[in-house]
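J.: Structure file start.pdb (PDB, C-alpha atoms, pLDDT in the B column) right here:
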```pdb
ATOM      1  CA  MET A   1      82.203 114.905 174.201  1.00 53.00           C
ATOM      2  CA  THR A   2      82.950 112.401 171.466  1.00 60.00           C
ATOM      3  CA  GLU A   3      85.082 113.832 168.644  1.00 63.00           C
ATOM      4  CA  PRO A   4      83.688 113.297 165.123  1.00 66.00           C
ATOM      5  CA  VAL A   5      85.254 110.379 163.274  1.00 66.00           C
ATOM      6  CA  THR A   6      87.028 111.386 160.072  1.00 74.00           C
ATOM      7  CA  PRO A   7      85.868 109.065 157.284  1.00 79.00           C
ATOM      8  CA  ILE A   8      88.513 107.008 155.508  1.00 80.00           C
ATOM      9  CA  THR A   9      88.974 108.098 151.889  1.00 86.00           C
ATOM     10  CA  GLU A  10      90.209 106.204 148.849  1.00 81.00           C
ATOM     11  CA  ALA A  11      93.421 108.213 149.079  1.00 83.00           C
ATOM     12  CA  ASP A  12      93.926 106.961 152.645  1.00 78.00           C
ATOM     13  CA  ILE A  13      93.452 103.373 151.513  1.00 76.00           C
ATOM     14  CA  ALA A  14      95.844 103.857 148.597  1.00 75.00           C
ATOM     15  CA  GLN A  15      98.483 105.371 150.868  1.00 82.00           C
ATOM     16  CA  PHE A  16      98.081 102.483 153.313  1.00 79.00           C
ATOM     17  CA  LEU A  17      98.584  99.901 150.583  1.00 73.00           C
ATOM     18  CA  VAL A  18     101.586 101.764 149.153  1.00 76.00           C
ATOM     19  CA  HIS A  19     103.264 101.876 152.546  1.00 82.00           C
ATOM     20  CA  THR A  20     102.232  98.340 153.506  1.00 82.00           C
ATOM     21  CA  PRO A  21     103.447  96.178 150.599  1.00 75.00           C
ATOM     22  CA  ASP A  22     103.097  92.942 152.576  1.00 78.00           C
ATOM     23  CA  PHE A  23      99.380  93.472 153.209  1.00 74.00           C
ATOM     24  CA  PHE A  24      98.280  91.219 150.373  1.00 67.00           C
ATOM     25  CA  GLU A  25     100.851  88.610 151.354  1.00 71.00           C
ATOM     26  CA  ARG A  26      99.063  88.312 154.666  1.00 77.00           C
ATOM     27  CA  ASN A  27      95.651  88.520 152.995  1.00 70.00           C
ATOM     28  CA  ALA A  28      96.147  86.666 149.736  1.00 66.00           C
ATOM     29  CA  ASP A  29      92.545  85.457 149.701  1.00 70.00           C
ATOM     30  CA  LEU A  30      91.370  89.038 149.165  1.00 66.00           C
ATOM     31  CA  LEU A  31      93.072  89.212 145.769  1.00 62.00           C
ATOM     32  CA  ALA A  32      91.273  86.087 144.604  1.00 64.00           C
ATOM     33  CA  GLY A  33      87.936  87.666 145.435  1.00 63.00           C
ATOM     34  CA  VAL A  34      88.521  91.033 143.739  1.00 64.00           C
ATOM     35  CA  GLN A  35      86.104  91.566 140.830  1.00 65.00           C
ATOM     36  CA  LEU A  36      86.653  94.233 138.162  1.00 62.00           C
ATOM     37  CA  THR A  37      84.744  95.401 135.105  1.00 68.00           C
ATOM     38  CA  SER A  38      86.373  94.478 131.805  1.00 66.00           C
ATOM     39  CA  PRO A  39      86.526  97.263 129.175  1.00 66.00           C
ATOM     40  CA  HIS A  40      85.693  94.563 126.607  1.00 64.00           C
ATOM     41  CA  GLY A  41      81.942  94.132 126.894  1.00 63.00           C
ATOM     42  CA  GLY A  42      81.600  95.388 130.461  1.00 64.00           C
ATOM     43  CA  ARG A  43      81.609  91.903 131.967  1.00 69.00           C
ATOM     44  CA  THR A  44      82.937  91.210 135.463  1.00 70.00           C
ATOM     45  CA  VAL A  45      86.347  89.555 135.608  1.00 63.00           C
ATOM     46  CA  SER A  46      88.841  88.622 138.276  1.00 67.00           C
ATOM     47  CA  LEU A  47      91.859  90.758 139.059  1.00 63.00           C
ATOM     48  CA  GLN A  48      94.144  88.195 137.452  1.00 68.00           C
ATOM     49  CA  GLU A  49      92.108  88.173 134.258  1.00 74.00           C
ATOM     50  CA  ARG A  50      92.044  91.968 134.131  1.00 70.00           C
ATOM     51  CA  GLN A  51      95.819  92.066 134.564  1.00 73.00           C
ATOM     52  CA  ALA A  52      96.155  89.560 131.737  1.00 76.00           C
ATOM     53  CA  GLU A  53      93.967  91.751 129.518  1.00 77.00           C
ATOM     54  CA  MET A  54      96.119  94.803 130.305  1.00 77.00           C
ATOM     55  CA  LEU A  55      99.268  92.813 129.519  1.00 82.00           C
ATOM     56  CA  ARG A  56      97.820  91.671 126.187  1.00 82.00           C
ATOM     57  CA  GLU A  57      96.954  95.284 125.331  1.00 83.00           C
ATOM     58  CA  LYS A  58     100.507  96.416 126.121  1.00 84.00           C
ATOM     59  CA  ILE A  59     101.934  93.585 124.004  1.00 84.00           C
ATOM     60  CA  LYS A  60      99.669  94.578 121.102  1.00 84.00           C
ATOM     61  CA  VAL A  61     100.869  98.193 121.298  1.00 81.00           C
ATOM     62  CA  LEU A  62     104.507  97.034 121.345  1.00 81.00           C
ATOM     63  CA  GLU A  63     103.880  94.735 118.365  1.00 81.00           C
ATOM     64  CA  LEU A  64     102.410  97.636 116.381  1.00 80.00           C
ATOM     65  CA  ARG A  65     105.425  99.803 117.224  1.00 81.00           C
ATOM     66  CA  LEU A  66     107.794  97.025 116.204  1.00 78.00           C
ATOM     67  CA  MET A  67     105.982  96.576 112.889  1.00 79.00           C
ATOM     68  CA  GLU A  68     106.184 100.322 112.263  1.00 76.00           C
ATOM     69  CA  MET A  69     109.920 100.328 113.029  1.00 75.00           C
ATOM     70  CA  MET A  70     110.442  97.399 110.654  1.00 74.00           C
ATOM     71  CA  ARG A  71     108.457  99.183 107.938  1.00 72.00           C
ATOM     72  CA  HIS A  72     110.525 102.346 108.331  1.00 64.00           C
ATOM     73  CA  GLY A  73     113.693 100.256 108.298  1.00 67.00           C
ATOM     74  CA  ASN A  74     112.690  98.564 105.042  1.00 70.00           C
ATOM     75  CA  GLU A  75     111.766 101.908 103.486  1.00 69.00           C
ATOM     76  CA  ASN A  76     115.128 103.405 104.498  1.00 68.00           C
ATOM     77  CA  MET A  77     116.947 100.400 103.043  1.00 74.00           C
ATOM     78  CA  LEU A  78     115.107 100.771  99.730  1.00 79.00           C
ATOM     79  CA  ILE A  79     115.871 104.496  99.620  1.00 81.00           C
ATOM     80  CA  GLY A  80     119.523 103.774 100.376  1.00 81.00           C
ATOM     81  CA  ASP A  81     119.650 101.273  97.508  1.00 90.00           C
ATOM     82  CA  LYS A  82     118.126 103.816  95.119  1.00 91.00           C
ATOM     83  CA  LEU A  83     120.585 106.487  96.223  1.00 90.00           C
ATOM     84  CA  GLN A  84     123.479 104.100  95.624  1.00 92.00           C
ATOM     85  CA  ARG A  85     122.247 103.230  92.118  1.00 93.00           C
ATOM     86  CA  TRP A  86     121.758 106.922  91.293  1.00 94.00           C
ATOM     87  CA  SER A  87     125.261 107.779  92.548  1.00 93.00           C
ATOM     88  CA  ARG A  88     126.749 104.880  90.570  1.00 94.00           C
ATOM     89  CA  GLN A  89     125.269 106.201  87.343  1.00 95.00           C
ATOM     90  CA  LEU A  90     126.880 109.580  87.982  1.00 94.00           C
ATOM     91  CA  PHE A  91     130.287 107.927  88.463  1.00 93.00           C
ATOM     92  CA  LEU A  92     129.872 106.120  85.146  1.00 95.00           C
ATOM     93  CA  VAL A  93     129.371 109.321  83.123  1.00 95.00           C
ATOM     94  CA  ALA A  94     132.485 109.727  80.992  1.00 95.00           C
ATOM     95  CA  ARG A  95     131.878 113.224  79.586  1.00 95.00           C
ATOM     96  CA  PRO A  96     131.196 116.089  82.023  1.00 95.00           C
ATOM     97  CA  VAL A  97     128.824 117.694  79.511  1.00 96.00           C
ATOM     98  CA  ASP A  98     126.493 114.691  79.895  1.00 97.00           C
ATOM     99  CA  LEU A  99     126.311 114.863  83.681  1.00 96.00           C
ATOM    100  CA  PRO A 100     123.305 117.230  84.096  1.00 97.00           C
ATOM    101  CA  ALA A 101     121.085 115.193  81.769  1.00 97.00           C
ATOM    102  CA  VAL A 102     122.055 111.870  83.365  1.00 97.00           C
ATOM    103  CA  LEU A 103     121.597 113.301  86.854  1.00 97.00           C
ATOM    104  CA  VAL A 104     118.056 114.442  86.066  1.00 97.00           C
ATOM    105  CA  SER A 105     116.985 111.345  84.156  1.00 96.00           C
ATOM    106  CA  GLU A 106     118.281 109.006  86.858  1.00 96.00           C
ATOM    107  CA  ILE A 107     116.529 110.960  89.614  1.00 95.00           C
ATOM    108  CA  LYS A 108     113.249 110.596  87.742  1.00 96.00           C
ATOM    109  CA  SER A 109     113.870 106.907  87.130  1.00 94.00           C
ATOM    110  CA  GLN A 110     115.272 105.810  90.495  1.00 94.00           C
ATOM    111  CA  PHE A 111     112.990 107.870  92.749  1.00 93.00           C
ATOM    112  CA  SER A 112     109.827 107.908  90.617  1.00 92.00           C
ATOM    113  CA  VAL A 113     109.831 111.696  90.294  1.00 96.00           C
ATOM    114  CA  PRO A 114     107.282 112.760  87.640  1.00 96.00           C
ATOM    115  CA  GLN A 115     109.202 115.866  86.586  1.00 97.00           C
ATOM    116  CA  ALA A 116     112.685 117.203  87.246  1.00 97.00           C
ATOM    117  CA  ALA A 117     114.927 119.899  85.835  1.00 97.00           C
ATOM    118  CA  LEU A 118     118.350 121.376  86.514  1.00 97.00           C
ATOM    119  CA  LYS A 119     120.032 124.676  85.737  1.00 97.00           C
ATOM    120  CA  LEU A 120     123.602 125.752  86.491  1.00 97.00           C
ATOM    121  CA  TRP A 121     125.497 129.012  86.372  1.00 96.00           C
ATOM    122  CA  ASP A 122     129.168 129.969  86.752  1.00 93.00           C
ATOM    123  CA  VAL A 123     130.068 126.971  84.602  1.00 95.00           C
ATOM    124  CA  ALA A 124     133.308 126.607  82.665  1.00 95.00           C
ATOM    125  CA  GLU A 125     133.367 128.652  79.459  1.00 94.00           C
ATOM    126  CA  VAL A 126     133.339 125.549  77.289  1.00 95.00           C
ATOM    127  CA  TYR A 127     129.874 124.676  78.676  1.00 95.00           C
ATOM    128  CA  ALA A 128     128.428 128.199  78.718  1.00 94.00           C
ATOM    129  CA  ASN A 129     126.173 127.574  75.692  1.00 94.00           C
ATOM    130  CA  GLU A 130     124.827 124.224  76.875  1.00 96.00           C
ATOM    131  CA  PRO A 131     121.067 124.063  77.647  1.00 96.00           C
ATOM    132  CA  PHE A 132     121.719 123.366  81.339  1.00 97.00           C
ATOM    133  CA  ALA A 133     123.645 126.658  81.593  1.00 96.00           C
ATOM    134  CA  GLN A 134     120.837 128.750  80.096  1.00 94.00           C
ATOM    135  CA  GLY A 135     117.626 130.129  81.591  1.00 91.00           C
ATOM    136  CA  ALA A 136     118.469 130.860  85.229  1.00 94.00           C
ATOM    137  CA  SER A 137     117.470 134.458  85.907  1.00 94.00           C
ATOM    138  CA  GLU A 138     119.069 136.662  88.567  1.00 95.00           C
ATOM    139  CA  ASP A 139     115.954 136.231  90.713  1.00 94.00           C
ATOM    140  CA  ILE A 140     116.296 132.459  90.571  1.00 95.00           C
ATOM    141  CA  ARG A 141     119.984 132.659  91.406  1.00 96.00           C
ATOM    142  CA  SER A 142     119.242 134.885  94.392  1.00 96.00           C
ATOM    143  CA  LEU A 143     116.483 132.544  95.524  1.00 95.00           C
ATOM    144  CA  ALA A 144     118.778 129.528  95.288  1.00 96.00           C
ATOM    145  CA  SER A 145     121.492 131.233  97.338  1.00 96.00           C
ATOM    146  CA  SER A 146     118.944 132.297  99.964  1.00 95.00           C
ATOM    147  CA  LEU A 147     117.772 128.725 100.570  1.00 95.00           C
ATOM    148  CA  THR A 148     119.656 127.118 103.447  1.00 93.00           C
ATOM    149  CA  VAL A 149     117.640 123.894 103.035  1.00 94.00           C
ATOM    150  CA  PRO A 150     115.551 122.599 100.131  1.00 96.00           C
ATOM    151  CA  TYR A 151     112.161 124.245  99.740  1.00 96.00           C
ATOM    152  CA  CYS A 152     109.234 121.830  99.802  1.00 96.00           C
ATOM    153  CA  GLY A 153     105.646 122.900  99.301  1.00 94.00           C
ATOM    154  CA  VAL A 154     102.998 124.051  96.892  1.00 93.00           C
ATOM    155  CA  ASN A 155     103.725 125.548  93.512  1.00 89.00           C
ATOM    156  CA  ALA A 156     103.617 129.260  94.281  1.00 86.00           C
ATOM    157  CA  GLY A 157     104.443 130.341  90.739  1.00 85.00           C
ATOM    158  CA  PHE A 158     108.232 129.998  90.942  1.00 92.00           C
ATOM    159  CA  ASP A 159     110.017 130.907  87.685  1.00 93.00           C
ATOM    160  CA  ALA A 160     112.028 127.687  87.973  1.00 95.00           C
ATOM    161  CA  VAL A 161     108.839 125.703  87.267  1.00 95.00           C
ATOM    162  CA  LYS A 162     109.125 126.897  83.663  1.00 95.00           C
ATOM    163  CA  TRP A 163     112.185 124.674  83.302  1.00 96.00           C
ATOM    164  CA  LEU A 164     109.947 121.594  83.508  1.00 96.00           C
ATOM    165  CA  ASP A 165     108.412 119.827  80.519  1.00 94.00           C
ATOM    166  CA  ASP A 166     104.847 120.256  81.834  1.00 95.00           C
ATOM    167  CA  PRO A 167     104.805 123.275  84.182  1.00 94.00           C
ATOM    168  CA  ASP A 168     100.998 123.427  84.226  1.00 94.00           C
ATOM    169  CA  ASN A 169     100.823 120.002  85.849  1.00 94.00           C
ATOM    170  CA  VAL A 170     102.716 120.830  89.040  1.00 95.00           C
ATOM    171  CA  ALA A 171     100.906 120.832  92.397  1.00 95.00           C
ATOM    172  CA  SER A 172     103.903 120.474  94.712  1.00 96.00           C
ATOM    173  CA  LEU A 173     107.629 120.763  94.244  1.00 96.00           C
ATOM    174  CA  SER A 174     111.026 120.871  95.855  1.00 97.00           C
ATOM    175  CA  LEU A 175     113.665 123.481  95.032  1.00 97.00           C
ATOM    176  CA  ILE A 176     117.103 122.125  95.882  1.00 97.00           C
ATOM    177  CA  PRO A 177     120.018 124.598  95.856  1.00 97.00           C
ATOM    178  CA  LEU A 178     123.397 123.298  94.739  1.00 97.00           C
ATOM    179  CA  ARG A 179     126.526 124.693  96.375  1.00 95.00           C
ATOM    180  CA  ASN A 180     130.049 123.710  97.394  1.00 91.00           C
ATOM    181  CA  GLY A 181     129.481 124.280 101.100  1.00 84.00           C
ATOM    182  CA  ALA A 182     126.883 125.412 103.598  1.00 80.00           C
ATOM    183  CA  THR A 183     128.027 129.047 103.434  1.00 84.00           C
ATOM    184  CA  SER A 184     128.842 129.203  99.723  1.00 91.00           C
ATOM    185  CA  PRO A 185     126.509 130.886  97.208  1.00 94.00           C
ATOM    186  CA  ALA A 186     124.511 128.488  95.067  1.00 96.00           C
ATOM    187  CA  PHE A 187     125.796 127.659  91.587  1.00 96.00           C
ATOM    188  CA  GLY A 188     122.665 125.808  90.475  1.00 97.00           C
ATOM    189  CA  MET A 189     119.255 124.526  91.403  1.00 97.00           C
ATOM    190  CA  LEU A 190     117.510 121.202  90.998  1.00 98.00           C
ATOM    191  CA  VAL A 191     113.715 121.179  90.717  1.00 97.00           C
ATOM    192  CA  LEU A 192     111.624 118.115  91.558  1.00 97.00           C
ATOM    193  CA  ALA A 193     107.893 118.343  90.860  1.00 97.00           C
ATOM    194  CA  SER A 194     104.741 116.274  91.137  1.00 96.00           C
ATOM    195  CA  PRO A 195     101.028 116.607  90.302  1.00 95.00           C
ATOM    196  CA  ASP A 196     100.372 115.222  93.805  1.00 94.00           C
ATOM    197  CA  SER A 197      99.929 118.131  96.235  1.00 92.00           C
ATOM    198  CA  GLN A 198     101.111 115.908  99.102  1.00 92.00           C
ATOM    199  CA  ARG A 199     104.353 114.668  97.512  1.00 94.00           C
ATOM    200  CA  TYR A 200     106.382 117.666  98.704  1.00 94.00           C
ATOM    201  CA  GLN A 201     104.905 119.238 101.825  1.00 92.00           C
ATOM    202  CA  ALA A 202     105.947 122.270 103.834  1.00 90.00           C
ATOM    203  CA  GLY A 203     107.547 121.084 107.041  1.00 86.00           C
ATOM    204  CA  MET A 204     108.595 117.690 105.717  1.00 88.00           C
ATOM    205  CA  ALA A 205     112.045 116.387 106.631  1.00 87.00           C
ATOM    206  CA  THR A 206     114.645 117.391 104.044  1.00 92.00           C
ATOM    207  CA  ASP A 207     117.611 115.281 105.187  1.00 91.00           C
ATOM    208  CA  PHE A 208     117.425 112.980 102.183  1.00 91.00           C
ATOM    209  CA  LEU A 209     117.070 115.896  99.738  1.00 94.00           C
ATOM    210  CA  GLU A 210     120.114 117.518 101.332  1.00 94.00           C
ATOM    211  CA  ARG A 211     122.121 114.339 100.673  1.00 93.00           C
ATOM    212  CA  ILE A 212     120.932 114.488  97.055  1.00 95.00           C
ATOM    213  CA  ALA A 213     122.109 118.107  96.890  1.00 96.00           C
ATOM    214  CA  GLU A 214     125.536 117.248  98.297  1.00 95.00           C
ATOM    215  CA  LEU A 215     126.123 114.405  95.848  1.00 95.00           C
ATOM    216  CA  ALA A 216     124.789 116.381  92.893  1.00 96.00           C
ATOM    217  CA  SER A 217     126.944 119.395  93.774  1.00 96.00           C
ATOM    218  CA  ALA A 218     130.065 117.242  94.044  1.00 95.00           C
ATOM    219  CA  SER A 219     129.492 115.520  90.717  1.00 95.00           C
ATOM    220  CA  LEU A 220     128.667 118.759  88.885  1.00 96.00           C
ATOM    221  CA  SER A 221     131.937 120.343  89.961  1.00 93.00           C
ATOM    222  CA  ARG A 222     133.290 118.763  86.751  1.00 94.00           C
ATOM    223  CA  VAL A 223     131.467 121.363  84.631  1.00 94.00           C
ATOM    224  CA  ARG A 224     132.095 124.390  86.814  1.00 88.00           C
ATOM    225  CA  ASP A 225     134.514 127.268  86.297  1.00 66.00           C
ATOM    226  CA  VAL A 226     136.624 126.554  89.363  1.00 58.00           C
TER     227      VAL A 226
END
```
Once more with this new file: its structure as structure tokens, please.

T.:
Amino acid sequence: MTEPVTPITEADIAQFLVHTPDFFERNADLLAGVQLTSPHGGRTVSLQERQAEMLREKIKVLELRLMEMMRHGNENMLIGDKLQRWSRQLFLVARPVDLPAVLVSEIKSQFSVPQAALKLWDVAEVYANEPFAQGASEDIRSLASSLTVPYCGVNAGFDAVKWLDDPDNVASLSLIPLRNGATSPAFGMLVLASPDSQRYQAGMATDFLERIAELASASLSRVRDV
């Protein structure tokens, strides 16, 4: 009795070709006759032409990635330049009492921040009556100390928004605690605000804002009671 013949499947053919790499070397004419459907218009093309199309598509994807990397690189360079100019202005401040105002005004100018404000506590006695040392409630101080990273998101009615010139025109903001070290209690808070609800988003990277906090905290040590 003749046993039934098991039909050859595509998987069998694929396995054969994988394990017989010299097949097309012995049958090179087969490759020349292979016809495929192009995804561009559905026309029939040769294997070589289809491979060329796939290569062009890969090159296009790589070009787009390269352009994106270059764009991010340029953006980072511009941000670095702005941070350097902001830091330079802080170094040039002769009187410690002027530091908070210069810090805020330069942040607004260098980084195009619509509104910004700063309050400090535990300052040296000689600065205790300065505007920057007034207006930070116990709740705000507790909030600042509880923040391990800057808060970014919608304006949820934070009391610190009242420090701004136009608190009614704030859709998103960042609350940046100022401290001497990662485990130290905060001695101040910097508020950055915008009418654009997307400017400061929950979940956004805060690395740059943390660098701002570190530099601001270091410069403001000149007015602290330490």

J.: If the PyMOL selection byres ((chain A and resi 187-195) around 7) were run on this exact file, what residues would it hold? Put them as a list in words.

T.: Val113, Pro114, Gln115, Ala116, Ala117, Leu118, Lys119, Leu120, Trp121, Asp122, Ala144, Asn169, Val170, Ala171, Ser172, Leu173, Ser174, Leu175, Ile176, Pro177, Leu178, Arg179, Pro185, Ala186, Asp196, Ser197 and Arg199 of chain A

J.: Check which residues satisfy the PyMOL selection byres ((chain A and resi 204-210) around 8) in the file shown, then give them as an MDAnalysis selection string.

T.: chainID A and resid 149:150 152 176 200:203 211:214

J.: Tell me, in Å to one decimal, how far atom CA of Leu143 of chain A is from atom CA of Phe158 of chain A.

T.: 9.8 Å

J.: Given the choices A:Glu25, A:Glu49, A:Glu130, A:Glu68, which gets closest to Pro100 of chain A if the distance is worked out from all atoms listed in the file?

T.: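 For Pro100 of chain A, the nearest of the given residues is A:Glu130.
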
J.: Please indicate the distance in Å from atom CA of Gly181 of chain A to atom CA of Ala218 of chain A, rounded to one decimal place.

T.: 10.0 Å

J.: List the neighbours of Gln89 of chain A out to 10 Å using all atoms listed in the file; skip same-chain residues closer than 5 positions along the sequence, and give me the result as a list in words.

T.: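 Counting all atoms listed in the file, the residues come to Gln84, Leu99, Val102, Leu103 and Glu106 of chain A.
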
J.: To one decimal in Å, tell me the separation between atom CA of Gln110 of chain A and atom CA of Met77 of chain A.

T.: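 Interatomic distance, atom CA of Gln110 of chain A to atom CA of Met77 of chain A: 13.8 Å.
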
J.: With only C-alpha atoms as the atoms that count, which of A:Thr9, A:Asp168, A:Phe16, A:Leu66 lies nearest to Ala156 of chain A?

T.: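 Between A:Thr9, A:Asp168, A:Phe16, A:Leu66, the residue approaching Ala156 of chain A most closely is A:Asp168.
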
J.: If the box runs along x, y and z of the file and leaves 4 Å on each side of segment 6-18 of chain A, what are its centre and edge lengths in Å, one decimal, as lines of an AutoDock Vina configuration file?

T.:
```
center_x = 93.7
center_y = 105.6
center_z = 154.3
size_x = 23.7
size_y = 19.5
size_z = 19.5
```

J.: Nearest to Asp98 of chain A among A:Tyr127, A:Gly80, A:Pro7, A:Asp165, with distances taken over only C-alpha atoms: which residue is it?

T.: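 Using only C-alpha atoms, the shortest distance to Asp98 of chain A belongs to A:Tyr127.
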
J.: May I ask which of the residues A:Lys60, A:His19, A:Leu90, A:Ala124 is the closest one to Ser105 of chain A, counting all atoms listed in the file?

T.: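 Of A:Lys60, A:His19, A:Leu90, A:Ala124, the one nearest Ser105 of chain A, counting all atoms listed in the file, is A:Leu90.
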
J.: List as CSV every residue of segment 43-98 of chain A that is in contact with segment 221-224 of chain A, defined as an atom at most 12 Å from one of its atoms (using only C-alpha atoms), together with the nearest atom pair and the distance in Å rounded to one decimal, sorted by chain and then rising number.

T.:
```
residue,atom,partner,partner_atom,distance
A:Leu90,CA,A:Arg222,CA,11.3
A:Phe91,CA,A:Arg222,CA,11.4
A:Val93,CA,A:Arg222,CA,10.8
A:Ala94,CA,A:Arg222,CA,10.7
A:Arg95,CA,A:Arg222,CA,9.2
A:Pro96,CA,A:Arg222,CA,5.8
A:Val97,CA,A:Val223,CA,6.8
A:Asp98,CA,A:Val223,CA,9.6
```
